[in-house]
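So the structure is just underneath, and the comments pick up after that.
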Amino acid sequence: MKLIIAVIHDEDSHRLTEGLNKAGFMATKLASTGGFLKTGNTTILIGVPKEKVDEVIEIIKKECKTNKQMSLLNPPVAGMPDGYLPYPIEVTVGGATVFVIDVDQYYKL
Amino acid sequence: MKLIIAVIHDEDSHRLTEGLNKAGFMATKLASTGGFLKTGNTTILIGVPKEKVDEVIEIIKKECKTNKQMSLLNPPVAGMPDGYLPYPIEVTVGGATVFVIDVDQYYKL
Amino acid sequence: MKLIIAVIHDEDSHRLTEGLNKAGFMATKLASTGGFLKTGNTTILIGVPKEKVDEVIEIIKKECKTNKQMSLLNPPVAGMPDGYLPYPIEVTVGGATVFVIDVDQYYKL
Ligand code: NI
Ligand code: NI
Ligand code: NI
């Protein structure tokens, strides 16, 4: 048995959970913040037999794939000088950090 | 040293924490959602010497024991036809998923 | 690769995260409660190469060092008899419980 701990972006959380469930895996979500993922993130726990680890990694890779998109990270705020124009900047969304850990004993009570 | 990670139902969380404290174990609760436990759940971390693992598992088994009870999972909602009657259905409450993990180094700072 | 799981006091959380970031480590914070730390606490996950474990432990030790300070833990509350005087008592603040765990596989997707 292995425990997979994945730190993912909040916005991928629902899609990943659905992808895992569809493939028969159960995930527990922990609310988390900070970390290398600058925006809100979610930490997910998935317990799987070791021969299923690769399949779960593939699902995480598919559902949380890093990609770049343009975003208005600098919208005008109160007190900005007149004539300020927000401009789009490139941000990376998605991505995941995954730890696979050996489970010494596993119980379903 | 072992780290016990237990995913339990919210409603067992207070009782389990008390049971663990009474036996001299300290537990850290993490807010969690989803997972194989359909209702709200809590993830609990307990660090114990390896000869105490069985005792903690017994406490979790006792305080989070799965049992079935009748519940009105289908209460009437707005827009239901007149004459709708909710009926009781059987749901499983309690239960826990437990991972016991080897701790390589342990520090109390 | 090692996964460091540290349970620390809330009030040390910001300082520790900054200390870790300054040294080039990324930390993920999980909201947590209870445990051996009586006040609010935070659980932090840090993934590091094994030769960096000692450096992280030193940072945690520095930023979350247990120390005693005087505190009014018994302020007067509504309904106290007239003439009640709060008195300072010694409380321990800071401190951390740290688990270092072997990581079997590590992915940055
Ligand atoms: Ni990212
Ligand atoms: Ni259940
Ligand atoms: Ni303390």
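Lettering and numbering for the structure tokens are positional, with chains as A, B, ... in the shown order, residues counted from 1 in each chain, and ligands counted from 1 in the shown order.
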
**Study point:** Surrounding residues of Glu63 of chain C excluding itself and chain neighbours under 5 positions, 8 Å, only C-alpha atoms, as a count of residues only
**Key:** 4

Practice item. Check every residue of chain B for an atom within 12 Å of chain C, counting only C-alpha atoms, and provide those that qualify as an MDAnalysis selection string. Key: chainID B and resid 1:5 13:14 17:18 20:21 24:32 42:48 100:109

Study note, to complete from the structure: atom CA of Asp10 of chain A to atom CA of Val56 of chain C measures 26.6 Å
